[in-house]
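Just below is one structure, and these are the notes that go with it.
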Amino acid sequence: MNGPVEPFKIKMVEHVKIPSEKRRKEAIRNAGFNTFLLYSDDVFIDLLTDSGTTAMSDNQWAGMMLGDEAYAGSKSFYNFEKAIQDVLGYKYVVPTHQGRGAEHLMYGHLTNPGQIVPRNMYFTTSKAHVELAGGTMLDVIIDDAHDPENENPFKGNLDFKKLQNLIDKYGPEKIAFVNVELNVNMSGGQPVSMKNLRELKEFCDKYKLKIIFDATRSSENAYFIREREKGYENTPIIDILREMMSYSDGCIYSAKKDCLVNMGGFLATHNKDIFEYTRGMVVLFEGLHTYGGMAGRDMEAVARGLREGAEYEYLKYRINQVRYLGELLMKAGVSIVKPIGSHGVFIDALKFLPHLPRDQWPAQTLSAAIYEDSAVRTMERGAVSKGRDKETGENIFPKLELVRLTIPRRVYTNTHMEYTAESIIRLYKKRDSITGLKMVFEPKHLRFFQARFEQLSL
Ligand SMILES: *Cc1c(COP(=O)(O)O)cnc(C)c1O
C-alpha cells in the first residue's frame, strides 16, 4: 500500500483542473512571483496553508443546519464552550472570529509596552500582536530546532537556559508571560514534549510567570506525545490534551487548523481575571461574548470539529499522509526538515538552490517555480516572512529558509501527494537552471502577503 488508508469515504467532490503551461507562466508573473497573489482558480493542488482549508464531515455539516443564530445566549455557543471544556479542560472560553482575534485580546491584555514575551519560536501574527501592544517577542526554542537535519523528536521544546538568560537580563517583572506554541509551525510542525511543559510550569511558578499556549495545533502535538513519549503509548488523546493544558494559564486557538473548520477561533483560560477582561473587550473588537465574530452555525461546527480532530484514528491518518509526501521527497534526495512535522513538509531551499544568494530569496524562488511546473501552490517560510529588524531596518536572514507544503486536512488523496512529489523531484533534477528573484514591492507589515518580485536572468 502506498500512503496511509483514509479513515473516511467521500460524499461530495469538488472539481479541479490543471491550467496549461502558458497560463501557469502568465499567472505567476501576474502574481509578482508571490503565491499569495495567485487566483485559486489557477491552482490545481493548494498547499499554501492548512488554515481554514479543511473538508468538514457530514456530522459538522449537519451541525451547521442546527446552528442557533440568537444574538445572545446561543445554544451553539454553549455546545462550543462545552467541547472546549471537555477536550482541553479549560473552564472559561471567549469566542473570536479567528486566531488573531484571540491573540489581539490575550496578548494585548497581558503585554505592557517595553515588556518581553519569550516564545519557543515566533509566529507571524503572534509576533505582530505582541509588537502592537509595545512588547518584543524573543525565541527561546532549543538550538536543535534551527537545524533542519537534527532528528530530535521534540524540536519544539523550550530551552530553559535561554529563558533564564532573559530573566537574568531583563528581570522577571519585564517578562509579560511565557508563550508556548504547541507543534511549532515555523520550525516545521515540531512538537513540545509533556516533560518540557511540566518542567516549564515548575520553572515559571518560581518567578510567578504566566504561561499562555498557542494551542492551534495542540491535537497534532498530542498525537506526537502519544507516539514518541514514554508512558503515553496508550493514553487517549483527550487525556494527553487535558494534561498539556493543565500546565498553562490559558491559550489562544485558531480553530481553522485542528478544529477542522473553515473559520473560527477562541481563547480559553483557567484564570478568572484574564477571562473577565477579555470577555469585556471581545465586545469591542469581535462581537458579543456568546458569538465573538462567528455565526452560530460556525460555533456548532467548531464544537464537533474539535472532538473529531482529537480522535486517534483521524490523527494517525493525518500525520502519516504528511509523512508519506515527505518520504517520497527524501527518497529522491530533496532535503526537508526532519523529523517530518504534522501539518506539512518543509523543503530546505538553501540546499535545493545553493547557487542563489539569500537576497535573491531562494524559498520564494522555489515556491514560484513549483507553481509554474505543476500548478501546485506552496508558500515561502524564510527571510521574506521574517521581515526586517525593528531597530536596524535590515533584512533578517533566519537559519531556516523553507518552502512549506502544507497539507489541508481530509482534502487531498495520496495520489495528489504523489503528483506533488513528482513535480518537485523534476525541478530538483534541473535545479541549476533556476534563477533568483528581486523584490520590487515591499509592504511595511507582514510583507510576505503582498510583496512582489521580478525574475533575474542567468
Ligand atoms: C494560524 C495561526 C495563528 C493565527 O490564526 P488565524 O486564525 O489565522 O487568525 C496563530 N498561531 C498559529 C500557530 C497559527 O498557525
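Identifiers in this document derive from the order of the C-alpha cells: chains are assigned A, B, ..., residues are numbered from 1 separately in each chain, and ligands are numbered from 1 in order of occurrence.
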Sort by chain and increasing residue number a table of all residues of segment 312-426 of chain A within 12 Å of segment 191-208 of chain A, each with its closest pair of atoms and their distance in Å to one decimal, counting only C-alpha atoms, and write it as a Markdown table.
| residue | atom | partner | partner_atom | distance |
| --- | --- | --- | --- | --- |
| A:Lys338 | CA | A:Pro191 | CA | 11.9 |
| A:Pro339 | CA | A:Pro191 | CA | 10.2 |
| A:Ile340 | CA | A:Pro191 | CA | 10.7 |
| A:Gly341 | CA | A:Pro191 | CA | 8.0 |
| A:Ser342 | CA | A:Pro191 | CA | 8.5 |
| A:His343 | CA | A:Pro191 | CA | 11.1 |
Would you save the residues of that selection, restricted to all heavy atoms, as a PDB file, in the first residue's frame?
ATOM      1  N   LYS A 338      13.622  17.674   9.185  1.00  0.00           N
ATOM      2  CA  LYS A 338      13.409  16.391   9.856  1.00  0.00           C
ATOM      3  C   LYS A 338      13.298  16.603  11.356  1.00  0.00           C
ATOM      4  O   LYS A 338      13.937  17.517  11.865  1.00  0.00           O
ATOM      5  CB  LYS A 338      14.577  15.460   9.535  1.00  0.00           C
ATOM      6  CG  LYS A 338      14.465  14.866   8.137  1.00  0.00           C
ATOM      7  CD  LYS A 338      15.663  14.015   7.798  1.00  0.00           C
ATOM      8  CE  LYS A 338      16.454  14.725   6.742  1.00  0.00           C
ATOM      9  NZ  LYS A 338      17.752  14.297   6.427  1.00  0.00           N
ATOM     10  N   PRO A 339      12.588  15.777  12.067  1.00  0.00           N
ATOM     11  CA  PRO A 339      11.643  14.776  11.556  1.00  0.00           C
ATOM     12  C   PRO A 339      10.492  15.466  10.818  1.00  0.00           C
ATOM     13  O   PRO A 339      10.229  16.652  11.078  1.00  0.00           O
ATOM     14  CB  PRO A 339      11.126  14.100  12.827  1.00  0.00           C
ATOM     15  CG  PRO A 339      11.933  14.619  13.970  1.00  0.00           C
ATOM     16  CD  PRO A 339      12.568  15.882  13.533  1.00  0.00           C
ATOM     17  N   ILE A 340       9.818  14.731   9.943  1.00  0.00           N
ATOM     18  CA  ILE A 340       8.696  15.307   9.197  1.00  0.00           C
ATOM     19  C   ILE A 340       7.625  15.742  10.202  1.00  0.00           C
ATOM     20  O   ILE A 340       7.273  14.995  11.106  1.00  0.00           O
ATOM     21  CB  ILE A 340       8.143  14.270   8.199  1.00  0.00           C
ATOM     22  CG1 ILE A 340       9.224  13.931   7.161  1.00  0.00           C
ATOM     23  CG2 ILE A 340       6.878  14.800   7.513  1.00  0.00           C
ATOM     24  CD1 ILE A 340       8.951  12.677   6.357  1.00  0.00           C
ATOM     25  N   GLY A 341       7.144  16.974  10.042  1.00  0.00           N
ATOM     26  CA  GLY A 341       6.215  17.545  11.018  1.00  0.00           C
ATOM     27  C   GLY A 341       4.784  17.112  10.790  1.00  0.00           C
ATOM     28  O   GLY A 341       4.508  16.215   9.984  1.00  0.00           O
ATOM     29  N   SER A 342       3.862  17.764  11.501  1.00  0.00           N
ATOM     30  CA  SER A 342       2.475  17.291  11.493  1.00  0.00           C
ATOM     31  C   SER A 342       1.660  17.835  10.355  1.00  0.00           C
ATOM     32  O   SER A 342       0.814  17.155   9.804  1.00  0.00           O
ATOM     33  CB  SER A 342       1.793  17.699  12.790  1.00  0.00           C
ATOM     34  OG  SER A 342       1.668  19.117  12.834  1.00  0.00           O
ATOM     35  N   HIS A 343       1.866  19.094  10.021  1.00  0.00           N
ATOM     36  CA  HIS A 343       0.908  19.730   9.114  1.00  0.00           C
ATOM     37  C   HIS A 343       1.483  19.999   7.748  1.00  0.00           C
ATOM     38  O   HIS A 343       0.785  20.514   6.875  1.00  0.00           O
ATOM     39  CB  HIS A 343       0.347  21.005   9.740  1.00  0.00           C
ATOM     40  CG  HIS A 343       1.382  22.084   9.928  1.00  0.00           C
ATOM     41  ND1 HIS A 343       2.511  21.911  10.687  1.00  0.00           N
ATOM     42  CD2 HIS A 343       1.449  23.337   9.444  1.00  0.00           C
ATOM     43  CE1 HIS A 343       3.220  23.030  10.672  1.00  0.00           C
ATOM     44  NE2 HIS A 343       2.605  23.903   9.922  1.00  0.00           N
TER      45      HIS A 343
END
Env of segment 358-360 of chain A: 7 Å cut, atoms = only C-alpha atoms, seq-sep filter 6 positions within chain, self excluded. Answer as a VMD selection string. chain A and resid 436 to 438
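Minimum atom-to-atom distances from A:Leu328, A:Met245, A:Val261, A:Ala215 to ligand 1 were compared using only C-alpha atoms and all ligand atoms, and the lowest value belongs to A:Ala215.
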Set the distance at 8 Å and use only C-alpha atoms: which residues neighbour segment 103-117 of chain A once local chain neighbours fewer than 3 positions away are removed? I'd like the list as a ChimeraX atom specification. /A:99-100,125-126,129-130,132-138,174-179,252,267,274,277-278,281-282
Thr406 of chain A: which residues within 8 Å, counting only C-alpha atoms, same-chain residues fewer than 3 positions away excluded, as a JSON list (two decimals) with all heavy atoms, in the first residue's frame?
[["chain", "number", "residue", "atom", "x", "y", "z"],
["A", 47, "LEU", "N", -1.49, 23.86, -1.57],
["A", 47, "LEU", "CA", -0.79, 23.54, -0.32],
["A", 47, "LEU", "C", -0.25, 24.81, 0.34],
["A", 47, "LEU", "O", 0.74, 24.80, 1.04],
["A", 47, "LEU", "CB", 0.36, 22.54, -0.59],
["A", 47, "LEU", "CG", -0.02, 21.27, -1.37],
["A", 47, "LEU", "CD1", 1.18, 20.34, -1.48],
["A", 47, "LEU", "CD2", -1.19, 20.53, -0.69],
["A", 48, "LEU", "N", -0.92, 25.93, 0.04],
["A", 48, "LEU", "CA", -0.49, 27.21, 0.61],
["A", 48, "LEU", "C", -0.58, 27.14, 2.13],
["A", 48, "LEU", "O", 0.30, 27.60, 2.83],
["A", 48, "LEU", "CB", -1.39, 28.34, 0.09],
["A", 48, "LEU", "CG", -0.97, 29.74, 0.50],
["A", 48, "LEU", "CD1", 0.23, 30.21, -0.29],
["A", 48, "LEU", "CD2", -2.12, 30.73, 0.33],
["A", 49, "THR", "N", -1.66, 26.59, 2.60],
["A", 49, "THR", "CA", -1.85, 26.58, 4.05],
["A", 49, "THR", "C", -2.82, 25.48, 4.46],
["A", 49, "THR", "O", -3.63, 25.02, 3.64],
["A", 49, "THR", "CB", -2.39, 27.95, 4.53],
["A", 49, "THR", "OG1", -2.71, 27.86, 5.93],
["A", 49, "THR", "CG2", -3.63, 28.37, 3.78],
["A", 50, "ASP", "N", -2.72, 25.08, 5.70],
["A", 50, "ASP", "CA", -3.68, 24.14, 6.28],
["A", 50, "ASP", "C", -4.72, 24.92, 7.08],
["A", 50, "ASP", "O", -5.47, 24.35, 7.86],
["A", 50, "ASP", "CB", -2.96, 23.14, 7.19],
["A", 50, "ASP", "CG", -2.29, 23.82, 8.38],
["A", 50, "ASP", "OD1", -1.87, 24.98, 8.25],
["A", 50, "ASP", "OD2", -2.18, 23.20, 9.45],
["A", 343, "HIS", "N", 1.87, 19.09, 10.02],
["A", 343, "HIS", "CA", 0.91, 19.73, 9.11],
["A", 343, "HIS", "C", 1.48, 20.00, 7.75],
["A", 343, "HIS", "O", 0.79, 20.51, 6.88],
["A", 343, "HIS", "CB", 0.35, 21.01, 9.74],
["A", 343, "HIS", "CG", 1.38, 22.08, 9.93],
["A", 343, "HIS", "ND1", 2.51, 21.91, 10.69],
["A", 343, "HIS", "CD2", 1.45, 23.34, 9.44],
["A", 343, "HIS", "CE1", 3.22, 23.03, 10.67],
["A", 343, "HIS", "NE2", 2.60, 23.90, 9.92],
["A", 344, "GLY", "N", 2.75, 19.69, 7.56],
["A", 344, "GLY", "CA", 3.31, 19.94, 6.25],
["A", 344, "GLY", "C", 4.73, 19.46, 6.14],
["A", 344, "GLY", "O", 5.35, 19.02, 7.12],
["A", 345, "VAL", "N", 5.22, 19.54, 4.89],
["A", 345, "VAL", "CA", 6.60, 19.19, 4.60],
["A", 345, "VAL", "C", 7.31, 20.49, 4.27],
["A", 345, "VAL", "O", 6.77, 21.32, 3.54],
["A", 345, "VAL", "CB", 6.65, 18.21, 3.41],
["A", 345, "VAL", "CG1", 8.08, 17.95, 2.98],
["A", 345, "VAL", "CG2", 5.95, 16.91, 3.78],
["A", 378, "THR", "N", 2.51, 26.46, -3.05],
["A", 378, "THR", "CA", 3.19, 26.31, -1.76],
["A", 378, "THR", "C", 3.46, 27.72, -1.20],
["A", 378, "THR", "O", 3.00, 28.69, -1.78],
["A", 378, "THR", "CB", 4.53, 25.58, -1.95],
["A", 378, "THR", "OG1", 5.34, 26.38, -2.84],
["A", 378, "THR", "CG2", 4.33, 24.20, -2.58]]
Mind checking which residues fall within 10 Å of Arg24 of chain A, counting only C-alpha atoms, ignoring those fewer than 5 positions away in the same chain, and posting them as a list in words? Ile18, Pro19, Arg29, Asn30, Leu38, Asp42, Val43, Tyr371, Glu372, Asp373, Ser374 and Ala375 of chain A
Under the rule of at most 9 Å, produce a per-residue listing of chain A near ligand 1: chain, number, name, the closest pair of atoms, and the distance in Å, as a Markdown table, using only C-alpha atoms and all ligand atoms.
| residue | atom | partner | partner_atom_place_in_ligand_line | distance |
| --- | --- | --- | --- | --- |
| A:Thr49 | CA | ligand 1 | 1 (C) | 8.9 |
| A:Asp50 | CA | ligand 1 | 1 (C) | 8.5 |
| A:Ser51 | CA | ligand 1 | 1 (C) | 6.0 |
| A:Gly52 | CA | ligand 1 | 7 (O) | 7.8 |
| A:His97 | CA | ligand 1 | 7 (O) | 7.7 |
| A:Gln98 | CA | ligand 1 | 7 (O) | 4.0 |
| A:Gly99 | CA | ligand 1 | 5 (O) | 3.4 |
| A:Arg100 | CA | ligand 1 | 9 (O) | 3.7 |
| A:Gly101 | CA | ligand 1 | 9 (O) | 6.4 |
| A:Ala102 | CA | ligand 1 | 9 (O) | 8.0 |
| A:Glu103 | CA | ligand 1 | 10 (C) | 7.4 |
| A:Tyr122 | CA | ligand 1 | 13 (C) | 8.6 |
| A:Phe123 | CA | ligand 1 | 13 (C) | 6.0 |
| A:Thr124 | CA | ligand 1 | 10 (C) | 7.7 |
| A:Thr125 | CA | ligand 1 | 4 (C) | 5.9 |
| A:Ser126 | CA | ligand 1 | 10 (C) | 6.0 |
| A:Glu181 | CA | ligand 1 | 13 (C) | 6.2 |
| A:Leu182 | CA | ligand 1 | 13 (C) | 7.7 |
| A:Asn183 | CA | ligand 1 | 13 (C) | 7.9 |
| A:Val184 | CA | ligand 1 | 13 (C) | 6.8 |
| A:Asn185 | CA | ligand 1 | 13 (C) | 5.7 |
| A:Met186 | CA | ligand 1 | 13 (C) | 8.1 |
| A:Asp214 | CA | ligand 1 | 11 (N) | 5.9 |
| A:Ala215 | CA | ligand 1 | 13 (C) | 7.3 |
| A:Thr216 | CA | ligand 1 | 13 (C) | 5.5 |
| A:Arg217 | CA | ligand 1 | 13 (C) | 6.9 |
| A:Ile252 | CA | ligand 1 | 10 (C) | 7.7 |
| A:Tyr253 | CA | ligand 1 | 10 (C) | 6.9 |
| A:Ser254 | CA | ligand 1 | 7 (O) | 4.1 |
| A:Ala255 | CA | ligand 1 | 7 (O) | 6.5 |
| A:Lys256 | CA | ligand 1 | 7 (O) | 5.7 |
| A:Lys257 | CA | ligand 1 | 1 (C) | 7.1 |
| A:Met263 | CA | ligand 1 | 7 (O) | 7.2 |
| A:Gly264 | CA | ligand 1 | 7 (O) | 6.6 |
| A:Gly265 | CA | ligand 1 | 7 (O) | 6.2 |
Among segment 387-429 of chain A, which ones does DSSP assign to strand (DSSP E or B) (computed from the backbone)? Answer as a ChimeraX atom specification. /A:388,395,402-406
Output N, CA and C atoms of each residue in that selection to a file, as a tab-separated table (two decimals), in the first residue's frame.
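Output contents, as saved in selection.tsv:
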chain	number	residue	atom	x	y	z
A	388	ARG	N	12.06	42.59	8.48
A	388	ARG	CA	13.25	43.37	8.81
A	388	ARG	C	13.41	43.54	10.32
A	395	ASN	N	17.23	43.54	6.55
A	395	ASN	CA	16.60	42.24	6.37
A	395	ASN	C	17.18	41.26	7.38
A	402	LEU	N	12.73	28.14	4.10
A	402	LEU	CA	11.96	26.95	3.76
A	402	LEU	C	10.84	27.23	2.77
A	403	VAL	N	10.50	26.19	2.01
A	403	VAL	CA	9.25	26.21	1.25
A	403	VAL	C	8.31	25.24	1.96
A	404	ARG	N	7.13	25.75	2.27
A	404	ARG	CA	6.20	24.95	3.06
A	404	ARG	C	5.13	24.35	2.15
A	405	LEU	N	5.00	23.04	2.26
A	405	LEU	CA	3.90	22.35	1.57
A	405	LEU	C	2.94	21.92	2.66
A	406	THR	N	1.92	22.73	2.86
A	406	THR	CA	1.01	22.47	3.97
A	406	THR	C	-0.16	21.65	3.46
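Comparing A:Asp389, A:Glu220, A:Ala128, A:Leu260 by their smallest distance to Val411 of chain A, the closest is A:Leu260 (using only C-alpha atoms).
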d(atom CA of Phe275 of chain A, atom CA of Ser248 of chain A) in Å: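 Value for the atom CA of Phe275 of chain A-atom CA of Ser248 of chain A distance: 14.0 Å.
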So the first atom is atom CA of Val87 of chain A and the second is atom CA of Pro4 of chain A; what is the distance between them in Å, to one decimal place?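 Straight-line distance from atom CA of Val87 of chain A to atom CA of Pro4 of chain A works out to 25.8 Å.
Within 7 Å of segment 143-152 of chain A, once only C-alpha atoms are used and residues closer than 5 positions along the same chain are dropped, the contacting residues are Ser187, Ile336, Val337, Lys338, Pro339, Lys399 and Leu400 of chain A.
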Take the residues from that selection and put them in a file with N, CA, C and O atoms, as a compact mmCIF listing (two decimals), in the first residue's frame.
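Result file part.txt:
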# COMPACT_ATOMS: atom_id res chain seq x y z
N SER A 187 8.98 26.09 12.73
CA SER A 187 10.15 25.22 12.71
C SER A 187 9.80 23.91 11.99
O SER A 187 10.57 22.95 12.03
N ILE A 336 14.64 18.01 3.35
CA ILE A 336 13.48 18.59 4.03
C ILE A 336 13.77 18.63 5.53
O ILE A 336 14.71 18.00 6.00
N VAL A 337 12.95 19.40 6.23
CA VAL A 337 13.12 19.48 7.68
C VAL A 337 12.75 18.14 8.29
O VAL A 337 11.72 17.56 7.95
N LYS A 338 13.62 17.67 9.18
CA LYS A 338 13.41 16.39 9.86
C LYS A 338 13.30 16.60 11.36
O LYS A 338 13.94 17.52 11.87
N PRO A 339 12.59 15.78 12.07
CA PRO A 339 11.64 14.78 11.56
C PRO A 339 10.49 15.47 10.82
O PRO A 339 10.23 16.65 11.08
N LYS A 399 18.04 31.22 9.95
CA LYS A 399 18.74 29.99 9.54
C LYS A 399 17.87 29.15 8.62
O LYS A 399 18.35 28.52 7.69
N LEU A 400 16.56 29.13 8.92
CA LEU A 400 15.66 28.31 8.12
C LEU A 400 15.09 29.13 6.96
O LEU A 400 14.46 30.16 7.17
